[in-house]
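Step one of this worksheet: look at the structure below.
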Amino acid sequence: MAPIKCAVNMNFLINLSLFLLNCIVSCHGFAYEYVTCGSALKLLNVNYQVRLHSHEVKYGSGSGQQSVTAIEATDDVNSHWAIIGKIGQHCERGVPIACGSIIRLQHVTSGLYLHSHLFSAPLSNGQEVSCFGEEGSGDTGDHWKVVCDGKHWRREDEVSFRHVDTNTYLSVSGEVYGRPINGQMEVCAVSNPDYTTSWEASEGVYIKPVEPITEQIRRHDPSEF
C-alpha cells in the first residue's frame, strides 16, 4: 500500500499552536510579572478596548503596505505580536523588557514588523502605521521605544510605544473602516501622547524566565540592585 501523503499548512500550525498555548495560559492562570523578550502577546488599547491587529489586506492609498487595525475580538490569531530586539541586537528569550528599550513587534502570522513612516493615515490626520519587512527584512521604521514607569514593563502596566524615526506614538484614532475590513478601527501614530496612546499587555504566550527573575535583571541591568 502506498504511503499517505499529507500537506500541512504552516500558518495553520502556527495559529493552532498559538490558540492552544493561549488557552493554557488562560486556563491555568499563569501570571508572570513581566513582559519578556520572545513573548507573543496581544496589545489592548486602554481607551477604546480594542486589540492591535493585522491581516493580508493592503492599504489602497499611502504606502500600499499591509494594513494595521484594531479589533474587539479576543480570539483572533491575527492579533498576536512577538517581541524581538531592534535591528542588529539580540533580545534573549525570557529577559524582562526594560522601560526605554527599543524593540520590534513582529506580526506572528505574516512575519512582518509593525512599522510607521511619513505617509498620512487613511481616515484621520494621523500618521500611517503598517506592517513591513518581506521575508524578515526591515529597517529602522520598525523600531518602537517602550515608554513606561519604573525599570521594567510589568504586565499590568499601561505603556506607550514611541516610533523612533518620527517621534510619534502608536494610537487608535477612533475612526472605523468600511469594506473590506468593515468595523475595524484605524491605528495610526500621533505627535503627542494622550488617552489614545496607552496600551496594556493582554492575552498571549508569555515566555517564562529560564532563571529567577531577579537574576535575569541583575545580569542585564546591574543598576536595579
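Just remember, in the C-alpha cells the first chain shown is A, the second B, etc., residues are 1-based per chain, and ligands are 1-based in the order shown.
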Can you list, as a list in words, every protein, DNA or RNA residue that comes within 9 Å of Tyr32 of chain A when you count only C-alpha atoms, leaving out same-chain residues fewer than 4 positions away?
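Non-adjacent residues within range: Arg154, Arg155, Tyr206, Ile207, Lys208 and Pro209 of chain A.
Using only C-alpha atoms, the residues found no farther than 8 Å from segment 64-73 of chain A, other than those of its own chain fewer than 4 positions away, are Gln49, Val50, Arg51, Leu52, His53, Ser54, His55, Glu56, Val57, Lys58, Tyr59, Gly60, Val129, Ser130, Cys131, Phe132, Val172, Gly183, Gln184, Met185, Glu186 and Val187 of chain A.
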With N, CA and C atoms retained, export the selected residues as a short mmCIF file (atom, residue, chain, number, x, y, z; two decimals), in the first residue's frame.
data_model
loop_
_atom_site.label_atom_id
_atom_site.label_comp_id
_atom_site.auth_asym_id
_atom_site.auth_seq_id
_atom_site.Cartn_x
_atom_site.Cartn_y
_atom_site.Cartn_z
N GLN A 49 -10.50 49.86 24.14
CA GLN A 49 -10.67 48.44 24.45
C GLN A 49 -10.68 47.58 23.18
N VAL A 50 -9.73 47.85 22.30
CA VAL A 50 -9.54 47.09 21.07
C VAL A 50 -8.09 46.62 20.99
N ARG A 51 -7.88 45.55 20.25
CA ARG A 51 -6.56 44.93 20.19
C ARG A 51 -5.87 45.21 18.86
N LEU A 52 -4.56 45.47 18.94
CA LEU A 52 -3.74 45.72 17.76
C LEU A 52 -3.80 44.49 16.85
N HIS A 53 -3.99 44.73 15.54
CA HIS A 53 -4.34 43.65 14.63
C HIS A 53 -3.74 43.91 13.24
N SER A 54 -3.45 42.84 12.51
CA SER A 54 -3.11 42.99 11.10
C SER A 54 -3.58 41.75 10.35
N HIS A 55 -3.50 41.78 9.03
CA HIS A 55 -4.09 40.76 8.17
C HIS A 55 -3.57 41.01 6.76
N GLU A 56 -3.87 40.12 5.84
CA GLU A 56 -3.36 40.26 4.48
C GLU A 56 -4.26 41.16 3.63
N VAL A 57 -4.49 42.36 4.11
CA VAL A 57 -5.22 43.40 3.36
C VAL A 57 -4.30 44.61 3.29
N LYS A 58 -4.01 45.07 2.09
CA LYS A 58 -3.10 46.20 1.92
C LYS A 58 -3.87 47.51 1.86
N TYR A 59 -3.20 48.59 2.27
CA TYR A 59 -3.81 49.91 2.14
C TYR A 59 -4.03 50.23 0.66
N GLY A 60 -5.16 50.85 0.37
CA GLY A 60 -5.43 51.27 -1.00
C GLY A 60 -4.85 52.62 -1.34
N VAL A 129 0.34 53.68 10.04
CA VAL A 129 1.03 52.56 10.67
C VAL A 129 0.73 51.33 9.81
N SER A 130 1.75 50.57 9.48
CA SER A 130 1.59 49.43 8.58
C SER A 130 2.38 48.24 9.10
N CYS A 131 2.35 47.14 8.34
CA CYS A 131 3.26 46.01 8.56
C CYS A 131 4.20 45.95 7.38
N PHE A 132 5.49 45.76 7.65
CA PHE A 132 6.53 45.90 6.63
C PHE A 132 7.65 44.90 6.90
N VAL A 172 -4.88 54.73 18.50
CA VAL A 172 -6.11 54.36 17.79
C VAL A 172 -6.91 55.64 17.59
N GLY A 183 -15.86 47.62 10.22
CA GLY A 183 -15.96 47.60 11.67
C GLY A 183 -14.63 47.66 12.41
N GLN A 184 -13.51 47.51 11.70
CA GLN A 184 -12.22 47.59 12.36
C GLN A 184 -11.78 49.04 12.49
N MET A 185 -11.10 49.36 13.59
CA MET A 185 -10.68 50.74 13.86
C MET A 185 -9.32 51.06 13.26
N GLU A 186 -9.14 52.32 12.91
CA GLU A 186 -7.87 52.77 12.36
C GLU A 186 -6.81 52.88 13.45
N VAL A 187 -5.64 52.31 13.18
CA VAL A 187 -4.45 52.50 14.01
C VAL A 187 -3.56 53.50 13.28
#
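Summary of the local environment: counting only C-alpha atoms, residues at most 9 Å from Leu41 of chain A, other than itself and those fewer than 3 positions away along its chain, are Ser79, His80, Trp81, Ala82, Ile83, Ala201, Ser202, Glu203, Gly204, Val205 and Tyr206 of chain A.
Every protein, DNA or RNA residue with an atom at most 8 Å from Gly85 of chain A, where only C-alpha atoms count and chain neighbours fewer than 6 positions away do not, is listed here: Cys37, Cys91, Ile102, Ile103 and Arg104 of chain A.
The protein and nucleic acid residues lying at most 9 Å from Ser120 of chain A are Gly62, Ser63, Asn125, Gly126, Gln127, Glu128, Val129 and Cys188 of chain A, with only C-alpha atoms considered and sequence neighbours fewer than 5 positions away removed.
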Using N, CA and C atoms, can you export the residues from the last selection as an mmCIF file, in the first residue's frame?
data_model
loop_
_atom_site.group_PDB
_atom_site.id
_atom_site.type_symbol
_atom_site.label_atom_id
_atom_site.label_comp_id
_atom_site.auth_asym_id
_atom_site.auth_seq_id
_atom_site.Cartn_x
_atom_site.Cartn_y
_atom_site.Cartn_z
ATOM 1 N N GLY A 62 -1.606 55.713 0.304
ATOM 2 C CA GLY A 62 -0.390 55.818 1.110
ATOM 3 C C GLY A 62 0.685 54.855 0.645
ATOM 4 N N SER A 63 1.221 54.060 1.568
ATOM 5 C CA SER A 63 2.337 53.165 1.255
ATOM 6 C C SER A 63 1.923 51.947 0.451
ATOM 7 N N ASN A 125 -6.091 62.416 10.657
ATOM 8 C CA ASN A 125 -4.933 63.284 10.434
ATOM 9 C C ASN A 125 -3.646 62.690 10.981
ATOM 10 N N GLY A 126 -3.712 61.450 11.420
ATOM 11 C CA GLY A 126 -2.533 60.807 11.981
ATOM 12 C C GLY A 126 -1.572 60.310 10.913
ATOM 13 N N GLN A 127 -0.538 59.624 11.371
ATOM 14 C CA GLN A 127 0.500 59.067 10.507
ATOM 15 C C GLN A 127 0.207 57.584 10.296
ATOM 16 N N GLU A 128 0.399 57.117 9.070
ATOM 17 C CA GLU A 128 0.096 55.723 8.761
ATOM 18 C C GLU A 128 0.964 54.753 9.566
ATOM 19 N N VAL A 129 0.338 53.681 10.043
ATOM 20 C CA VAL A 129 1.027 52.556 10.666
ATOM 21 C C VAL A 129 0.731 51.332 9.811
ATOM 22 N N CYS A 188 -3.026 54.459 14.024
ATOM 23 C CA CYS A 188 -2.172 55.482 13.423
ATOM 24 C C CYS A 188 -1.101 55.863 14.446
#
Can you pull out every residue from segment 5-220 of chain A that DSSP, working from the backbone, puts in helix (DSSP H, G or I), and format the result as a PyMOL selection string?
chain A and resi 10-28+77-79+134-136+140-142+213-220
Include N, CA and C atoms and write out the residues we just selected as an mmCIF file, in the first residue's frame.
data_model
loop_
_atom_site.group_PDB
_atom_site.id
_atom_site.type_symbol
_atom_site.label_atom_id
_atom_site.label_comp_id
_atom_site.auth_asym_id
_atom_site.auth_seq_id
_atom_site.Cartn_x
_atom_site.Cartn_y
_atom_site.Cartn_z
ATOM 1 N N MET A 10 1.637 25.623 7.119
ATOM 2 C CA MET A 10 2.405 26.111 8.265
ATOM 3 C C MET A 10 1.660 27.195 9.026
ATOM 4 N N ASN A 11 0.944 28.082 8.314
ATOM 5 C CA ASN A 11 0.172 29.112 9.003
ATOM 6 C C ASN A 11 -0.883 28.486 9.909
ATOM 7 N N PHE A 12 -1.500 27.392 9.421
ATOM 8 C CA PHE A 12 -2.491 26.699 10.246
ATOM 9 C C PHE A 12 -1.859 26.176 11.526
ATOM 10 N N LEU A 13 -0.660 25.569 11.409
ATOM 11 C CA LEU A 13 0.020 25.035 12.587
ATOM 12 C C LEU A 13 0.396 26.140 13.572
ATOM 13 N N ILE A 14 0.868 27.278 13.039
ATOM 14 C CA ILE A 14 1.214 28.408 13.905
ATOM 15 C C ILE A 14 -0.021 28.889 14.652
ATOM 16 N N ASN A 15 -1.114 29.056 13.911
ATOM 17 C CA ASN A 15 -2.342 29.554 14.527
ATOM 18 C C ASN A 15 -2.882 28.578 15.560
ATOM 19 N N LEU A 16 -2.823 27.272 15.243
ATOM 20 C CA LEU A 16 -3.287 26.261 16.190
ATOM 21 C C LEU A 16 -2.441 26.268 17.452
ATOM 22 N N SER A 17 -1.116 26.369 17.292
ATOM 23 C CA SER A 17 -0.216 26.395 18.450
ATOM 24 C C SER A 17 -0.509 27.590 19.342
ATOM 25 N N LEU A 18 -0.701 28.764 18.712
ATOM 26 C CA LEU A 18 -0.999 29.960 19.494
ATOM 27 C C LEU A 18 -2.321 29.815 20.235
ATOM 28 N N PHE A 19 -3.325 29.239 19.563
ATOM 29 C CA PHE A 19 -4.615 29.049 20.203
ATOM 30 C C PHE A 19 -4.495 28.156 21.427
ATOM 31 N N LEU A 20 -3.794 27.010 21.277
ATOM 32 C CA LEU A 20 -3.657 26.074 22.377
ATOM 33 C C LEU A 20 -2.854 26.661 23.528
ATOM 34 N N LEU A 21 -1.743 27.336 23.188
ATOM 35 C CA LEU A 21 -0.930 27.944 24.239
ATOM 36 C C LEU A 21 -1.679 29.054 24.946
ATOM 37 N N ASN A 22 -2.441 29.831 24.168
ATOM 38 C CA ASN A 22 -3.222 30.909 24.756
ATOM 39 C C ASN A 22 -4.250 30.344 25.721
ATOM 40 N N CYS A 23 -4.838 29.218 25.332
ATOM 41 C CA CYS A 23 -5.813 28.564 26.194
ATOM 42 C C CYS A 23 -5.165 28.074 27.479
ATOM 43 N N ILE A 24 -3.964 27.480 27.353
ATOM 44 C CA ILE A 24 -3.245 27.004 28.540
ATOM 45 C C ILE A 24 -2.971 28.149 29.497
ATOM 46 N N VAL A 25 -2.503 29.284 28.950
ATOM 47 C CA VAL A 25 -2.221 30.442 29.787
ATOM 48 C C VAL A 25 -3.474 30.885 30.502
ATOM 49 N N SER A 26 -4.595 30.958 29.776
ATOM 50 C CA SER A 26 -5.841 31.443 30.355
ATOM 51 C C SER A 26 -6.382 30.469 31.385
ATOM 52 N N CYS A 27 -6.353 29.164 31.033
ATOM 53 C CA CYS A 27 -6.977 28.172 31.895
ATOM 54 C C CYS A 27 -6.216 27.953 33.187
ATOM 55 N N HIS A 28 -4.901 28.045 33.134
ATOM 56 C CA HIS A 28 -4.098 27.741 34.314
ATOM 57 C C HIS A 28 -3.627 28.982 35.051
ATOM 58 N N VAL A 77 -6.332 35.112 15.963
ATOM 59 C CA VAL A 77 -4.894 34.841 15.992
ATOM 60 C C VAL A 77 -4.096 35.893 15.229
ATOM 61 N N ASN A 78 -4.745 36.701 14.399
ATOM 62 C CA ASN A 78 -4.040 37.759 13.675
ATOM 63 C C ASN A 78 -3.740 38.975 14.550
ATOM 64 N N SER A 79 -3.985 38.842 15.841
ATOM 65 C CA SER A 79 -3.680 39.930 16.779
ATOM 66 C C SER A 79 -2.482 39.617 17.667
ATOM 67 N N GLU A 134 9.529 42.278 4.092
ATOM 68 C CA GLU A 134 9.384 40.993 3.422
ATOM 69 C C GLU A 134 10.491 40.022 3.845
ATOM 70 N N GLU A 135 10.069 38.783 4.127
ATOM 71 C CA GLU A 135 10.996 37.690 4.459
ATOM 72 C C GLU A 135 11.943 38.060 5.595
ATOM 73 N N GLY A 136 11.409 38.751 6.586
ATOM 74 C CA GLY A 136 12.202 39.052 7.770
ATOM 75 C C GLY A 136 13.072 40.281 7.666
ATOM 76 N N THR A 140 14.795 50.808 10.110
ATOM 77 C CA THR A 140 14.605 51.474 11.404
ATOM 78 C C THR A 140 13.184 52.000 11.593
ATOM 79 N N GLY A 141 12.384 52.013 10.535
ATOM 80 C CA GLY A 141 10.976 52.369 10.686
ATOM 81 C C GLY A 141 10.192 51.337 11.469
ATOM 82 N N ASP A 142 10.850 50.204 11.801
ATOM 83 C CA ASP A 142 10.232 49.147 12.618
ATOM 84 C C ASP A 142 10.555 49.306 14.112
ATOM 85 N N ILE A 213 13.749 35.655 38.241
ATOM 86 C CA ILE A 213 13.633 36.961 37.606
ATOM 87 C C ILE A 213 14.662 37.953 38.142
ATOM 88 N N THR A 214 14.976 37.875 39.421
ATOM 89 C CA THR A 214 15.955 38.810 39.981
ATOM 90 C C THR A 214 17.329 38.607 39.365
ATOM 91 N N GLU A 215 17.657 37.344 39.028
ATOM 92 C CA GLU A 215 18.946 37.077 38.396
ATOM 93 C C GLU A 215 18.961 37.572 36.955
ATOM 94 N N GLN A 216 17.824 37.437 36.248
ATOM 95 C CA GLN A 216 17.725 37.973 34.893
ATOM 96 C C GLN A 216 17.995 39.468 34.895
ATOM 97 N N ILE A 217 17.341 40.181 35.816
ATOM 98 C CA ILE A 217 17.501 41.632 35.875
ATOM 99 C C ILE A 217 18.915 41.996 36.300
ATOM 100 N N ARG A 218 19.478 41.255 37.248
ATOM 101 C CA ARG A 218 20.827 41.555 37.733
ATOM 102 C C ARG A 218 21.851 41.462 36.606
ATOM 103 N N ARG A 219 21.723 40.423 35.755
ATOM 104 C CA ARG A 219 22.679 40.242 34.673
ATOM 105 C C ARG A 219 22.556 41.313 33.595
ATOM 106 N N HIS A 220 21.302 41.737 33.329
ATOM 107 C CA HIS A 220 21.092 42.646 32.222
ATOM 108 C C HIS A 220 20.969 44.104 32.656
#
Picked from segment 108-193 of chain A by DSSP as strand (DSSP E), as a PyMOL selection string:
chain A and resi 113-120+127-132+144-147+160-163+168-176+185-190
Residues of the last selection are to be written out with C-alpha atoms, as a tab-separated table (two decimals), in the first residue's frame.
chain	number	residue	atom	x	y	z
A	113	TYR	CA	7.02	44.13	11.51
A	114	LEU	CA	4.91	46.94	12.98
A	115	HIS	CA	6.11	49.97	11.02
A	116	SER	CA	5.49	53.67	10.52
A	117	HIS	CA	6.70	56.41	8.17
A	118	LEU	CA	5.67	59.82	6.83
A	119	PHE	CA	2.57	58.71	4.94
A	120	SER	CA	-0.81	60.03	6.12
A	127	GLN	CA	0.50	59.07	10.51
A	128	GLU	CA	0.10	55.72	8.76
A	129	VAL	CA	1.03	52.56	10.67
A	130	SER	CA	1.59	49.43	8.58
A	131	CYS	CA	3.26	46.01	8.56
A	132	PHE	CA	6.53	45.90	6.63
A	144	TRP	CA	9.49	51.40	18.79
A	145	LYS	CA	10.59	52.66	22.21
A	146	VAL	CA	8.71	51.24	25.20
A	147	VAL	CA	7.60	54.18	27.37
A	160	SER	CA	3.09	53.75	25.22
A	161	PHE	CA	5.14	52.99	22.12
A	162	ARG	CA	7.12	55.85	20.60
A	163	HIS	CA	8.14	55.46	16.97
A	168	THR	CA	5.25	59.77	17.18
A	169	TYR	CA	3.14	57.48	19.39
A	170	LEU	CA	1.13	54.38	18.49
A	171	SER	CA	-2.54	55.28	18.74
A	172	VAL	CA	-6.11	54.36	17.79
A	173	SER	CA	-7.93	57.21	16.06
A	174	GLY	CA	-11.47	56.02	16.75
A	175	GLU	CA	-12.28	56.13	13.02
A	176	VAL	CA	-13.88	52.93	11.66
A	185	MET	CA	-10.68	50.74	13.86
A	186	GLU	CA	-7.87	52.77	12.36
A	187	VAL	CA	-4.45	52.50	14.01
A	188	CYS	CA	-2.17	55.48	13.42
A	189	ALA	CA	0.70	57.38	15.05
A	190	VAL	CA	0.24	60.81	16.67
Which residue out of A:Gly100, A:Ser61, A:Ala40, A:Glu92 has the minimum interatomic distance to Gly150 of chain A when only C-alpha atoms are used?
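Of all the options, A:Gly100 lies closest to Gly150 of chain A.
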Pick the closest to His90 of chain A from A:Asp75, A:Gly111, A:Gly38, A:Ser191: which is it, counting only C-alpha atoms?
A:Gly38
